[in-house]
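Printed here is target_18.cif (mmCIF, C-alpha atoms):
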data_entry
#
loop_
_atom_site.label_atom_id
_atom_site.label_comp_id
_atom_site.auth_asym_id
_atom_site.auth_seq_id
_atom_site.Cartn_x
_atom_site.Cartn_y
_atom_site.Cartn_z
CA MET A 1 29.56 34.62 -27.03
CA ALA A 2 28.29 37.77 -28.70
CA VAL A 3 24.90 37.36 -27.05
CA PHE A 4 26.45 37.73 -23.60
CA GLY A 5 29.39 39.96 -24.46
CA SER A 6 27.52 43.28 -24.00
CA PHE A 7 27.09 42.85 -20.24
CA SER A 8 29.54 44.77 -18.07
CA ALA A 9 30.93 43.59 -14.74
CA VAL A 10 29.77 44.41 -11.24
CA ARG A 11 31.19 43.38 -7.88
CA ALA A 12 28.94 42.47 -4.98
CA VAL A 13 29.87 43.58 -1.46
CA PRO A 14 30.04 40.55 0.90
CA TRP A 15 27.72 40.60 3.88
CA LEU A 16 30.06 39.87 6.78
CA TRP A 17 27.25 39.21 9.25
CA ARG A 18 26.37 36.06 7.32
CA ARG A 19 29.70 34.31 7.92
CA ALA A 20 28.62 32.67 11.17
CA ALA A 21 25.37 31.38 9.66
CA TYR A 22 27.23 30.00 6.63
CA ALA A 23 29.80 28.27 8.79
CA ALA A 24 27.02 26.66 10.84
CA ALA A 25 25.43 25.36 7.66
CA GLY A 26 28.74 23.89 6.46
CA LEU A 27 29.02 26.25 3.49
CA ARG A 28 32.13 27.68 1.88
CA GLY A 29 33.17 31.27 2.28
CA LEU A 30 31.92 34.09 0.13
CA CYS A 31 33.09 34.33 -3.45
CA PRO A 32 33.74 37.41 -5.56
CA GLY A 33 30.78 38.69 -7.51
CA LYS A 34 30.57 39.19 -11.25
CA GLY A 35 27.68 40.30 -13.42
CA TYR A 36 25.79 43.12 -15.07
CA ALA A 37 26.40 46.66 -13.95
CA VAL A 38 23.32 47.82 -12.08
CA GLY A 39 22.83 51.55 -12.10
CA PRO A 40 20.25 53.58 -10.21
CA ALA A 41 16.71 52.70 -11.22
CA GLN A 42 13.35 54.10 -10.31
CA VAL A 43 11.84 51.78 -7.70
CA ARG A 44 8.46 50.50 -8.75
CA THR A 45 5.48 50.36 -6.46
CA ALA A 46 4.37 47.12 -4.84
CA GLN A 47 1.39 47.08 -7.19
CA SER A 48 3.51 46.88 -10.33
CA LEU A 49 2.83 43.87 -12.53
CA PRO A 50 5.86 41.62 -12.86
CA THR A 51 7.40 41.19 -16.29
CA PHE A 52 10.08 38.77 -15.08
CA GLY A 53 10.23 35.45 -13.29
CA PHE A 54 12.68 33.16 -11.49
CA LEU A 55 13.76 29.60 -12.30
CA LEU A 56 15.35 28.42 -9.06
CA ASP A 57 17.49 25.34 -8.65
CA ILE A 58 17.08 23.60 -5.28
CA ASP A 59 20.14 21.57 -4.19
CA GLY A 60 23.09 23.87 -3.58
CA VAL A 61 20.92 26.99 -3.99
CA LEU A 62 18.12 26.65 -1.45
CA VAL A 63 19.20 23.57 0.50
CA ARG A 64 22.25 21.41 1.21
CA GLY A 65 20.95 17.92 1.84
CA HIS A 66 18.16 18.37 4.39
CA ARG A 67 19.35 21.75 5.65
CA VAL A 68 18.06 25.02 4.31
CA ILE A 69 20.73 27.53 3.27
CA PRO A 70 20.25 30.68 5.41
CA ALA A 71 20.28 32.99 2.39
CA ALA A 72 17.25 31.15 0.94
CA LEU A 73 15.08 32.32 3.85
CA ASP A 74 16.27 35.90 3.30
CA ALA A 75 15.53 35.61 -0.42
CA PHE A 76 11.95 34.50 0.13
CA ARG A 77 11.32 37.26 2.62
CA ARG A 78 11.96 39.55 -0.35
CA LEU A 79 9.97 37.45 -2.82
CA LEU A 80 6.81 37.26 -0.68
CA ASN A 81 4.34 40.07 -0.04
CA ALA A 82 2.64 40.86 3.27
CA GLN A 83 0.00 38.23 2.53
CA GLY A 84 2.61 35.51 2.06
CA GLN A 85 2.12 35.38 -1.72
CA LEU A 86 4.87 35.53 -4.31
CA ARG A 87 5.42 38.97 -5.80
CA VAL A 88 6.74 37.49 -9.05
CA PRO A 89 6.31 34.06 -10.68
CA VAL A 90 8.75 31.44 -9.38
CA VAL A 91 9.30 27.87 -10.57
CA PHE A 92 11.64 25.42 -8.85
CA VAL A 93 13.64 23.52 -11.48
CA THR A 94 15.60 20.59 -10.05
CA ASN A 95 17.41 17.69 -11.61
CA ALA A 96 16.31 15.50 -8.71
CA GLY A 97 13.82 12.81 -9.65
CA ASN A 98 13.65 10.13 -6.96
CA ILE A 99 10.71 11.79 -5.22
CA LEU A 100 7.08 12.56 -6.02
CA GLN A 101 6.25 16.07 -7.21
CA ASP A 102 3.74 16.54 -4.36
CA SER A 103 6.30 15.38 -1.80
CA LYS A 104 8.95 17.77 -3.13
CA ALA A 105 6.48 20.66 -2.91
CA GLN A 106 5.65 19.73 0.71
CA GLU A 107 9.35 19.45 1.54
CA LEU A 108 10.06 22.91 0.10
CA SER A 109 7.04 24.39 1.90
CA ALA A 110 8.36 23.15 5.25
CA LEU A 111 11.88 24.41 4.59
CA LEU A 112 11.04 27.80 3.11
CA GLY A 113 8.03 28.67 5.26
CA PHE A 114 5.41 29.30 2.58
CA LYS A 115 3.04 27.16 0.51
CA VAL A 116 4.77 25.73 -2.57
CA GLU A 117 2.28 24.22 -5.03
CA PRO A 118 3.17 20.99 -6.87
CA ASP A 119 2.83 22.72 -10.24
CA GLN A 120 5.62 25.09 -9.20
CA VAL A 121 8.05 22.15 -9.03
CA ILE A 122 9.74 20.70 -12.11
CA LEU A 123 11.57 17.43 -11.48
CA SER A 124 14.15 16.22 -13.97
CA HIS A 125 11.67 13.81 -15.56
CA SER A 126 8.60 16.11 -15.60
CA PRO A 127 8.84 16.79 -19.38
CA MET A 128 8.44 13.03 -20.01
CA LYS A 129 4.71 13.77 -19.82
CA LEU A 130 5.14 15.04 -23.38
CA PHE A 131 6.46 11.70 -24.73
CA SER A 132 2.99 10.18 -25.12
CA GLN A 133 4.11 7.84 -27.91
CA TYR A 134 5.84 5.71 -25.25
CA HIS A 135 3.20 5.89 -22.51
CA GLY A 136 1.48 2.69 -23.62
CA LYS A 137 4.67 0.64 -24.09
CA ARG A 138 6.03 -1.84 -21.55
CA MET A 139 8.99 0.05 -20.08
CA LEU A 140 11.78 -1.05 -17.75
CA VAL A 141 12.16 1.72 -15.15
CA SER A 142 15.38 2.43 -13.23
CA GLY A 143 15.95 4.66 -10.23
CA GLN A 144 14.87 4.61 -6.61
CA GLY A 145 12.10 5.91 -4.38
CA PRO A 146 8.49 5.90 -5.65
CA LEU A 147 9.48 4.68 -9.12
CA VAL A 148 6.16 3.22 -10.21
CA GLN A 149 4.13 6.16 -8.88
CA ASN A 150 6.41 8.63 -10.64
CA ALA A 151 6.23 6.71 -13.92
CA GLN A 152 2.45 6.52 -13.70
CA ALA A 153 2.20 10.24 -12.88
CA LEU A 154 4.19 10.91 -16.07
CA GLY A 155 1.67 8.86 -18.08
CA PHE A 156 3.43 5.50 -18.39
CA LYS A 157 0.83 2.76 -17.96
CA ASN A 158 2.90 -0.44 -18.12
CA VAL A 159 6.21 -0.38 -16.24
CA VAL A 160 8.52 -3.05 -14.88
CA THR A 161 11.08 -2.25 -12.18
CA VAL A 162 14.63 -3.62 -12.14
CA ASP A 163 13.77 -5.55 -8.97
CA GLU A 164 10.78 -7.18 -10.69
CA LEU A 165 12.94 -8.12 -13.66
CA ARG A 166 15.58 -9.56 -11.36
CA ALA A 167 12.93 -11.61 -9.54
CA ALA A 168 11.69 -12.99 -12.86
CA PHE A 169 15.24 -13.84 -14.04
CA PRO A 170 17.40 -14.43 -10.92
CA VAL A 171 20.43 -15.70 -12.84
CA LEU A 172 20.96 -12.31 -14.49
CA ASP A 173 22.29 -10.63 -11.32
CA MET A 174 25.60 -12.31 -10.46
CA VAL A 175 27.93 -9.66 -9.00
CA ASP A 176 26.92 -9.97 -5.34
CA LEU A 177 27.73 -13.51 -4.23
CA GLN A 178 25.20 -13.29 -1.42
CA ARG A 179 22.37 -12.58 -3.88
CA ARG A 180 23.15 -15.31 -6.38
CA PRO A 181 20.48 -18.02 -6.56
CA LYS A 182 21.43 -21.21 -4.71
CA THR A 183 19.79 -23.37 -7.39
CA THR A 184 19.25 -22.86 -11.09
CA PRO A 185 15.62 -21.81 -11.66
CA LEU A 186 13.58 -23.06 -14.58
CA PRO A 187 13.69 -20.75 -17.62
CA ARG A 188 10.63 -18.53 -18.13
CA ASN A 189 8.85 -17.98 -21.41
CA ASP A 190 5.77 -16.19 -20.06
CA PHE A 191 7.41 -12.83 -19.35
CA PRO A 192 6.13 -10.18 -21.82
CA ALA A 193 8.82 -8.45 -23.86
CA ILE A 194 10.09 -5.08 -22.66
CA GLU A 195 9.67 -2.30 -25.25
CA GLY A 196 11.80 0.49 -23.86
CA VAL A 197 13.92 1.77 -20.96
CA LEU A 198 13.05 4.62 -18.62
CA LEU A 199 15.93 6.06 -16.56
CA LEU A 200 14.42 8.35 -13.91
CA GLY A 201 17.38 8.70 -11.54
CA GLU A 202 20.37 7.02 -9.97
CA PRO A 203 19.57 3.55 -8.61
CA VAL A 204 20.87 2.06 -5.36
CA ARG A 205 22.61 -1.06 -6.74
CA TRP A 206 24.39 0.23 -9.80
CA GLU A 207 25.88 -3.12 -10.76
CA THR A 208 22.43 -4.76 -10.85
CA SER A 209 20.79 -1.97 -12.84
CA LEU A 210 23.68 -1.70 -15.32
CA GLN A 211 23.67 -5.46 -15.93
CA LEU A 212 19.90 -5.81 -16.38
CA ILE A 213 19.53 -2.70 -18.55
CA MET A 214 22.29 -4.03 -20.78
CA ASP A 215 20.54 -7.43 -20.90
CA VAL A 216 17.32 -5.78 -22.04
CA LEU A 217 19.03 -3.68 -24.72
CA LEU A 218 21.17 -6.54 -26.06
CA SER A 219 18.24 -9.01 -26.15
CA ASN A 220 15.74 -6.61 -27.71
CA GLY A 221 13.59 -6.74 -24.59
CA ASN A 222 13.77 -10.50 -23.97
CA PRO A 223 16.48 -10.93 -21.30
CA GLY A 224 15.67 -14.59 -20.71
CA THR A 225 16.84 -15.51 -24.20
CA GLY A 226 20.19 -15.32 -25.94
CA VAL A 227 20.71 -13.17 -29.03
CA ALA A 228 23.58 -13.78 -31.43
CA THR A 229 23.80 -10.18 -32.61
CA ALA A 230 22.73 -7.16 -30.58
CA PRO A 231 19.97 -5.24 -32.40
CA TYR A 232 20.74 -1.72 -33.54
CA PRO A 233 19.08 0.71 -33.29
CA HIS A 234 18.30 -0.63 -29.84
CA LEU A 235 15.07 -0.24 -27.88
CA PRO A 236 14.08 3.39 -27.11
CA VAL A 237 15.76 4.88 -24.04
CA LEU A 238 14.40 7.93 -22.20
CA ALA A 239 16.60 9.46 -19.50
CA SER A 240 16.46 12.39 -17.10
CA ASN A 241 19.01 14.16 -14.92
CA MET A 242 22.39 14.40 -16.62
CA ASP A 243 24.22 15.88 -13.61
CA LEU A 244 27.63 14.27 -13.24
CA LEU A 245 27.90 15.72 -9.71
CA TRP A 246 25.68 17.34 -7.11
CA MET A 247 26.18 18.95 -3.71
CA ALA A 248 24.84 17.60 -0.40
CA GLU A 249 26.23 17.92 3.14
CA ALA A 250 29.64 16.47 2.20
CA LYS A 251 32.50 18.88 1.55
CA MET A 252 33.00 17.57 -2.00
CA PRO A 253 30.36 16.91 -4.71
CA ARG A 254 28.63 13.52 -4.90
CA PHE A 255 28.03 11.35 -7.98
CA GLY A 256 24.79 12.14 -9.79
CA HIS A 257 22.68 10.30 -12.35
CA GLY A 258 24.95 11.65 -15.08
CA THR A 259 27.71 9.45 -13.68
CA PHE A 260 25.41 6.42 -13.92
CA LEU A 261 24.55 7.33 -17.52
CA LEU A 262 28.27 7.66 -18.28
CA CYS A 263 28.82 4.13 -16.95
CA LEU A 264 25.96 2.73 -19.03
CA GLU A 265 27.10 4.51 -22.20
CA THR A 266 30.69 3.33 -21.73
CA ILE A 267 29.69 -0.29 -21.13
CA TYR A 268 27.32 -0.31 -24.09
CA HIS A 269 29.98 1.11 -26.40
CA LYS A 270 32.64 -1.28 -25.11
CA VAL A 271 30.39 -4.31 -25.61
CA THR A 272 28.78 -3.41 -28.94
CA GLY A 273 31.17 -0.91 -30.53
CA ARG A 274 28.21 1.47 -30.99
CA GLU A 275 26.89 4.49 -29.16
CA LEU A 276 23.96 4.28 -26.78
CA ARG A 277 21.24 6.51 -28.21
CA TYR A 278 18.51 8.41 -26.37
CA GLU A 279 15.07 9.18 -27.69
CA GLY A 280 14.87 11.90 -25.07
CA LEU A 281 17.23 13.51 -22.52
CA MET A 282 15.42 15.60 -19.93
CA GLY A 283 16.44 17.82 -17.06
CA LYS A 284 18.84 20.72 -17.19
CA PRO A 285 20.53 21.69 -19.51
CA SER A 286 17.92 20.40 -21.98
CA ILE A 287 16.06 23.16 -23.81
CA LEU A 288 12.89 21.09 -23.44
CA THR A 289 13.07 21.50 -19.66
CA TYR A 290 13.33 25.29 -19.98
CA GLN A 291 10.44 25.42 -22.44
CA TYR A 292 8.42 23.41 -19.94
CA ALA A 293 9.44 25.78 -17.13
CA GLU A 294 8.53 28.86 -19.13
CA ASP A 295 5.10 27.40 -19.80
CA LEU A 296 4.55 26.92 -16.04
CA ILE A 297 5.75 30.49 -15.38
CA ARG A 298 3.17 31.76 -17.88
CA GLN A 299 0.37 29.69 -16.33
CA GLN A 300 1.32 30.90 -12.84
CA ALA A 301 1.17 34.52 -13.97
CA GLU A 302 -2.22 33.97 -15.59
CA ARG A 303 -3.64 32.41 -12.40
CA ARG A 304 -2.49 35.42 -10.40
CA GLY A 305 -4.11 37.78 -12.87
CA TRP A 306 -0.81 39.32 -13.96
CA ALA A 307 -1.67 40.49 -17.46
CA ALA A 308 1.78 41.75 -18.44
CA PRO A 309 3.78 39.14 -20.39
CA ILE A 310 6.76 37.59 -18.59
CA GLU A 311 9.55 38.73 -20.87
CA LYS A 312 12.65 38.04 -18.76
CA LEU A 313 13.65 34.86 -16.97
CA TYR A 314 16.40 34.65 -14.36
CA ALA A 315 17.77 31.14 -13.77
CA VAL A 316 19.64 30.73 -10.48
CA GLY A 317 21.79 27.64 -9.98
CA ASP A 318 25.02 26.27 -8.51
CA ASN A 319 26.20 23.98 -11.32
CA PRO A 320 27.91 25.56 -14.35
CA MET A 321 27.44 22.44 -16.47
CA SER A 322 23.68 22.17 -15.98
CA ASP A 323 22.25 25.41 -14.57
CA VAL A 324 24.43 27.93 -16.39
CA TYR A 325 24.82 25.91 -19.59
CA GLY A 326 21.07 25.27 -19.76
CA ALA A 327 20.04 28.87 -19.10
CA ASN A 328 22.50 30.21 -21.66
CA LEU A 329 21.43 27.59 -24.19
CA PHE A 330 17.79 28.58 -23.68
CA HIS A 331 18.72 32.26 -23.98
CA ARG A 332 20.36 31.50 -27.31
CA TYR A 333 17.26 29.56 -28.34
CA LEU A 334 15.04 32.54 -27.49
CA GLN A 335 17.19 34.79 -29.65
CA MET A 336 17.01 32.31 -32.52
CA THR A 337 13.24 32.06 -32.38
CA GLN A 338 12.95 35.82 -32.53
CA HIS A 339 14.78 35.67 -35.86
CA ASP A 340 12.96 32.56 -37.05
CA ARG A 341 16.09 30.45 -36.89
CA ALA A 342 15.00 27.74 -34.46
CA LYS A 343 14.88 25.06 -37.14
CA GLU A 344 18.50 25.69 -38.05
CA LEU A 345 19.47 24.55 -34.55
CA GLY A 346 17.32 21.44 -34.77
CA PHE A 347 15.27 22.31 -31.69
CA GLY A 348 12.03 20.38 -32.03
CA GLU A 349 8.86 20.84 -30.02
CA LEU A 350 6.79 17.98 -28.62
CA TRP A 351 3.68 19.92 -27.73
CA LYS A 352 1.73 22.93 -28.89
CA GLN A 353 3.26 25.55 -26.65
CA GLN A 354 1.83 29.06 -26.76
CA PRO A 355 4.13 31.54 -28.51
CA SER A 356 7.00 32.37 -26.17
CA ALA A 357 6.72 35.74 -24.47
CA ALA A 358 10.17 35.43 -22.93
CA GLN A 359 12.88 37.41 -24.66
CA SER A 360 15.83 36.50 -22.45
CA CYS A 361 17.05 34.01 -19.86
CA ALA A 362 19.92 35.27 -17.72
CA SER A 363 22.10 32.77 -15.84
CA ILE A 364 23.04 33.51 -12.22
CA LEU A 365 25.63 31.26 -10.57
CA VAL A 366 25.79 31.01 -6.77
CA CYS A 367 28.73 29.85 -4.64
CA THR A 368 26.80 27.78 -2.09
CA GLY A 369 26.86 24.46 -3.95
CA VAL A 370 28.85 22.69 -6.65
CA TYR A 371 30.59 25.82 -7.94
CA SER A 372 33.50 27.40 -6.12
CA PRO A 373 36.21 29.56 -7.73
CA GLU A 374 38.85 27.73 -5.69
CA ALA A 375 37.49 24.17 -6.03
CA PRO A 376 39.08 21.51 -8.28
CA GLY A 377 37.16 21.21 -11.53
CA SER A 378 35.74 24.73 -11.40
CA THR A 379 35.12 26.44 -14.71
CA GLN A 380 38.11 28.75 -14.28
CA PRO A 381 41.08 27.96 -16.59
CA ALA A 382 43.57 25.56 -15.07
CA GLN A 383 47.18 26.50 -14.47
CA GLY A 384 49.16 26.52 -17.67
CA GLY A 385 46.14 27.68 -19.69
CA ASP A 386 44.53 24.24 -19.98
CA GLU A 387 40.76 24.19 -20.33
CA PRO A 388 38.82 22.82 -17.33
CA PRO A 389 37.32 19.32 -17.66
CA PHE A 390 33.90 19.19 -19.29
CA HIS A 391 31.41 17.72 -16.81
CA GLY A 392 28.45 17.95 -19.15
CA HIS A 393 26.75 15.10 -20.95
CA ARG A 394 28.21 13.52 -24.07
CA ASP A 395 25.33 14.76 -26.25
CA PHE A 396 25.87 18.40 -25.28
CA SER A 397 29.06 19.68 -26.87
CA PHE A 398 31.43 21.80 -24.83
CA SER A 399 31.20 25.53 -25.50
CA PRO A 400 33.11 27.87 -23.17
CA GLY A 401 30.59 30.66 -23.75
CA LEU A 402 27.71 28.54 -22.54
CA ILE A 403 29.23 27.84 -19.11
CA GLU A 404 30.05 31.50 -18.45
CA ALA A 405 27.38 32.88 -16.14
CA SER A 406 25.83 36.29 -16.71
CA HIS A 407 26.37 36.88 -12.97
CA VAL A 408 28.33 35.16 -10.24
CA VAL A 409 27.04 36.01 -6.76
CA ASN A 410 27.49 34.68 -3.25
CA ASP A 411 24.02 33.19 -2.72
CA VAL A 412 20.38 33.19 -3.79
CA ASP A 413 19.49 36.21 -1.64
CA GLU A 414 22.14 38.26 -3.41
CA ALA A 415 20.76 36.95 -6.72
CA VAL A 416 17.24 38.15 -5.86
CA ARG A 417 18.53 41.55 -4.72
CA LEU A 418 20.51 41.88 -7.94
CA VAL A 419 17.48 41.10 -10.10
CA PHE A 420 15.21 43.43 -8.12
CA ARG A 421 17.68 46.29 -8.55
CA LYS A 422 18.00 45.53 -12.23
CA GLU A 423 14.21 45.52 -12.66
CA GLY A 424 13.68 48.58 -10.46
CA TRP A 425 11.84 46.70 -7.74
CA ALA A 426 12.05 47.40 -4.01
CA SER A 427 13.67 44.54 -2.11
#

Could you write out this structure as structure tokens?
Amino acid sequence: MAVFGSFSAVRAVPWLWRRAAYAAAGLRGLCPGKGYAVGPAQVRTAQSLPTFGFLLDIDGVLVRGHRVIPAALDAFRRLLNAQGQLRVPVVFVTNAGNILQDSKAQELSALLGFKVEPDQVILSHSPMKLFSQYHGKRMLVSGQGPLVQNAQALGFKNVVTVDELRAAFPVLDMVDLQRRPKTTPLPRNDFPAIEGVLLLGEPVRWETSLQLIMDVLLSNGNPGTGVATAPYPHLPVLASNMDLLWMAEAKMPRFGHGTFLLCLETIYHKVTGRELRYEGLMGKPSILTYQYAEDLIRQQAERRGWAAPIEKLYAVGDNPMSDVYGANLFHRYLQMTQHDRAKELGFGELWKQQPSAAQSCASILVCTGVYSPEAPGSTQPAQGGDEPPFHGHRDFSFSPGLIEASHVVNDVDEAVRLVFRKEGWAS
């Protein structure tokens, strides 16, 4: 893309002393660096007001499963001052959603060794707080963990879990022979109709959730009754976390909620001949998530008394199809708004956000998670010149320029050092 074409390349020197620590953490070897050329810059004093901030992914960047990545501890030693406070605004932007915001902040605090506030953490479904038109509707919620608490924290006042729906209509769940009812229960006509579907994260029993969500959509919210023709448009569906894959302790990526959404979309299309439609898709790479993150960066700077506007955002992630794509898409959005062309792209806003001070959002790809130059399915061209498979969501069209990172570095510590050099800050 022309927006990113003016950046020249730079190679990072691998830190050999880290190899033992990386091997102990089960991480791959170092990868070649790529990014902006960073020339000598005047180092600013510690009292300088920051004009940039970080959007940090968590899984594959800071942690792998329950283990902290060694480079993350090095990075935060640079990001914190002598008083243990952040030197620049930082927001943690994760596509995880099966955990409470407070719990995620506590988990990060324990792993990283400094106090992470809940309002520094953006879960994949956090922007659902903006969809107030659905907060009063009776919504079927899918996922795992503290589902009801998460839904209520987002503003939804009347939710029904898949397990509650299954208990009300036992004959709907027939895949597992051991869970089938031994007798046929009496039909119910006292169960209030469901008015929408809320997909917060991957569930545990996919076959049960897929079946019952389909029942709700095909019956217009009355799964205990039969409907001759499936209604279309169907009930509103809100979903978060489109990641097809994510990285934990295993050597290869694991299925994410994006894989579950793919299953649901495929089944719905196969059964009805129509496309499943979403009223809202949240989490990276959605522009709405980055707008939400920028707003939290601004609020964080204001609380710290940093008067200078935060003009540059640096998004660090391990997944080209969510982290890089999303950051580059938001960068393009920021350029469009500067030229009053946002409406041409169809980017709507759900809340009265203050005018954006950010002028750029640079994508930094690390090699400690999903991405590896040598791994199958990486964004490098396949042999024979074939394009790599597109792992993004159906509703986000493939664009090679959007999955090309501004920088490719070994780890998050190298990303922080790169940004500090670029901004003229001592690291």

Sphere at (4.0, 22.1, -1.0), radius 12 Å, counting all atoms listed in the file: residues as a PyMOL selection string: chain A and resi 92+100-121

The PyMOL selection byres ((chain A and resi 197) around 6) applied to the shown file, residues as a PyMOL selection string: chain A and resi 139-140+196+198+237

Separation of atom CA of A:Met252 from atom CA of A:Leu329, in Å and rounded to one decimal: 27.0 Å

Residues of stretch 57-103 of chain A at most 12 Å from stretch 293-296 of chain A: nearest atom pair and distance in Å, only C-alpha atoms, as JSON lines:
{"residue": "A:Asp57", "atom": "CA", "partner": "A:Ala293", "partner_atom": "CA", "distance": 11.7}
{"residue": "A:Pro89", "atom": "CA", "partner": "A:Leu296", "partner_atom": "CA", "distance": 9.1}
{"residue": "A:Val90", "atom": "CA", "partner": "A:Leu296", "partner_atom": "CA", "distance": 9.1}
{"residue": "A:Val91", "atom": "CA", "partner": "A:Ala293", "partner_atom": "CA", "distance": 6.9}
{"residue": "A:Phe92", "atom": "CA", "partner": "A:Ala293", "partner_atom": "CA", "distance": 8.6}
{"residue": "A:Val93", "atom": "CA", "partner": "A:Ala293", "partner_atom": "CA", "distance": 7.4}
{"residue": "A:Thr94", "atom": "CA", "partner": "A:Ala293", "partner_atom": "CA", "distance": 10.7}

Would you output that residue set with C-alpha atoms, as a PDB file, in the coordinates of the input?
ATOM      1  CA  ASP A  57      17.490  25.340  -8.650  1.00  0.00           C
ATOM      2  CA  PRO A  89       6.310  34.060 -10.680  1.00  0.00           C
ATOM      3  CA  VAL A  90       8.750  31.440  -9.380  1.00  0.00           C
ATOM      4  CA  VAL A  91       9.300  27.870 -10.570  1.00  0.00           C
ATOM      5  CA  PHE A  92      11.640  25.420  -8.850  1.00  0.00           C
ATOM      6  CA  VAL A  93      13.640  23.520 -11.480  1.00  0.00           C
ATOM      7  CA  THR A  94      15.600  20.590 -10.050  1.00  0.00           C
TER       8      THR A  94
END

Residues in the PyMOL selection byres ((chain A and resi 77) around 10), expressed as a ChimeraX atom specification: /A:71-76,78-82,84,86,112-114,413,427

Nearest to A:Pro236 by atom-to-atom distance, counting only C-alpha atoms, from A:Pro388, A:Gly258, A:Gly283, A:Gly221: A:Gly221

Top pick for closest residue to A:Ser372, considering A:Lys270, A:Lys251, A:Arg304, A:Arg417 and counting only C-alpha atoms: A:Lys251

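Omitting A:Asp173 and its sequence neighbours fewer than 6 positions away, and counting all atoms listed in the file, the residues within 8 Å are Arg166, Arg179, Arg180, Thr208, Gln211 and Leu212 of chain A.
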
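Using the PyMOL selection byres ((chain A and resi 124) around 10) on the file at hand returns these residues: Val93, Thr94, Asn95, Ala96, Gly97, Asn98, Val121, Ile122, Leu123, His125, Ser126, Pro127, Met128, Leu200, Gly201, Ala239, Ser240, Asn241, Met242, Leu281, Met282, Gly283, Lys284, Ser286 and Thr289 of chain A.
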
One-decimal distance in Å that lies between atom CA of A:His393 and atom CA of A:Val141: 20.6 Å

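Using only C-alpha atoms, the smallest distance between any of A:Trp246, A:Phe420, A:Phe390, A:Phe330 and A:Asp318 comes from A:Trp246.
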
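The nearest approach to A:Lys137 among the residues A:Ala307, A:Val159, A:Ala151, A:Leu313, with only C-alpha atoms taken into account, belongs to A:Val159.
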
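Atom pair atom CA of A:Thr266 / atom CA of A:Met174: separated by 19.9 Å.
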
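Among A:Arg64, A:Lys312, A:Arg138, A:Arg188, the residue with the shortest atom-to-atom distance to A:Ala168, counting all atoms listed in the file, is A:Arg188.
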
Shell of 10 Å around A:Gly224, only C-alpha atoms, local chain residues under 2 positions omitted, as a ChimeraX atom specification: /A:165,168-172,187-189,191,193,215-216,219,221-222,226-227

Selected residue, from A:Arg274, A:His331, A:Arg421, A:Arg254, that lies nearest to A:Glu311 when counting all atoms listed in the file: A:His331

Fill-in result for stretch 244-252 of chain A, N, CA, C and O atoms as an mmCIF file, keeping the file's coordinate frame:
data_model
loop_
_atom_site.group_PDB
_atom_site.id
_atom_site.type_symbol
_atom_site.label_atom_id
_atom_site.label_comp_id
_atom_site.auth_asym_id
_atom_site.auth_seq_id
_atom_site.Cartn_x
_atom_site.Cartn_y
_atom_site.Cartn_z
ATOM 1 N N LEU A 244 26.521 15.146 -13.628
ATOM 2 C CA LEU A 244 27.630 14.270 -13.240
ATOM 3 C C LEU A 244 27.812 14.308 -11.723
ATOM 4 O O LEU A 244 28.051 13.280 -11.086
ATOM 5 N N LEU A 245 27.677 15.512 -11.135
ATOM 6 C CA LEU A 245 27.900 15.720 -9.710
ATOM 7 C C LEU A 245 26.794 16.587 -9.129
ATOM 8 O O LEU A 245 26.129 17.341 -9.837
ATOM 9 N N TRP A 246 26.596 16.454 -7.815
ATOM 10 C CA TRP A 246 25.680 17.340 -7.110
ATOM 11 C C TRP A 246 26.195 17.545 -5.703
ATOM 12 O O TRP A 246 27.059 16.819 -5.231
ATOM 13 N N MET A 247 25.638 18.562 -5.010
ATOM 14 C CA MET A 247 26.180 18.950 -3.710
ATOM 15 C C MET A 247 25.194 18.649 -2.596
ATOM 16 O O MET A 247 24.042 19.095 -2.643
ATOM 17 N N ALA A 248 25.634 17.875 -1.597
ATOM 18 C CA ALA A 248 24.840 17.600 -0.400
ATOM 19 C C ALA A 248 25.596 18.138 0.809
ATOM 20 O O ALA A 248 26.257 19.164 0.732
ATOM 21 N N GLU A 249 25.535 17.433 1.956
ATOM 22 C CA GLU A 249 26.230 17.920 3.140
ATOM 23 C C GLU A 249 27.740 17.713 3.079
ATOM 24 O O GLU A 249 28.490 18.396 3.770
ATOM 25 N N ALA A 250 28.208 16.754 2.286
ATOM 26 C CA ALA A 250 29.640 16.470 2.200
ATOM 27 C C ALA A 250 30.402 17.676 1.660
ATOM 28 O O ALA A 250 29.843 18.522 0.956
ATOM 29 N N LYS A 251 31.681 17.742 1.973
ATOM 30 C CA LYS A 251 32.500 18.880 1.550
ATOM 31 C C LYS A 251 32.774 18.868 0.051
ATOM 32 O O LYS A 251 33.035 19.916 -0.537
ATOM 33 N N MET A 252 32.764 17.681 -0.562
ATOM 34 C CA MET A 252 33.000 17.570 -2.000
ATOM 35 C C MET A 252 31.738 17.074 -2.691
ATOM 36 O O MET A 252 30.888 16.427 -2.065
#
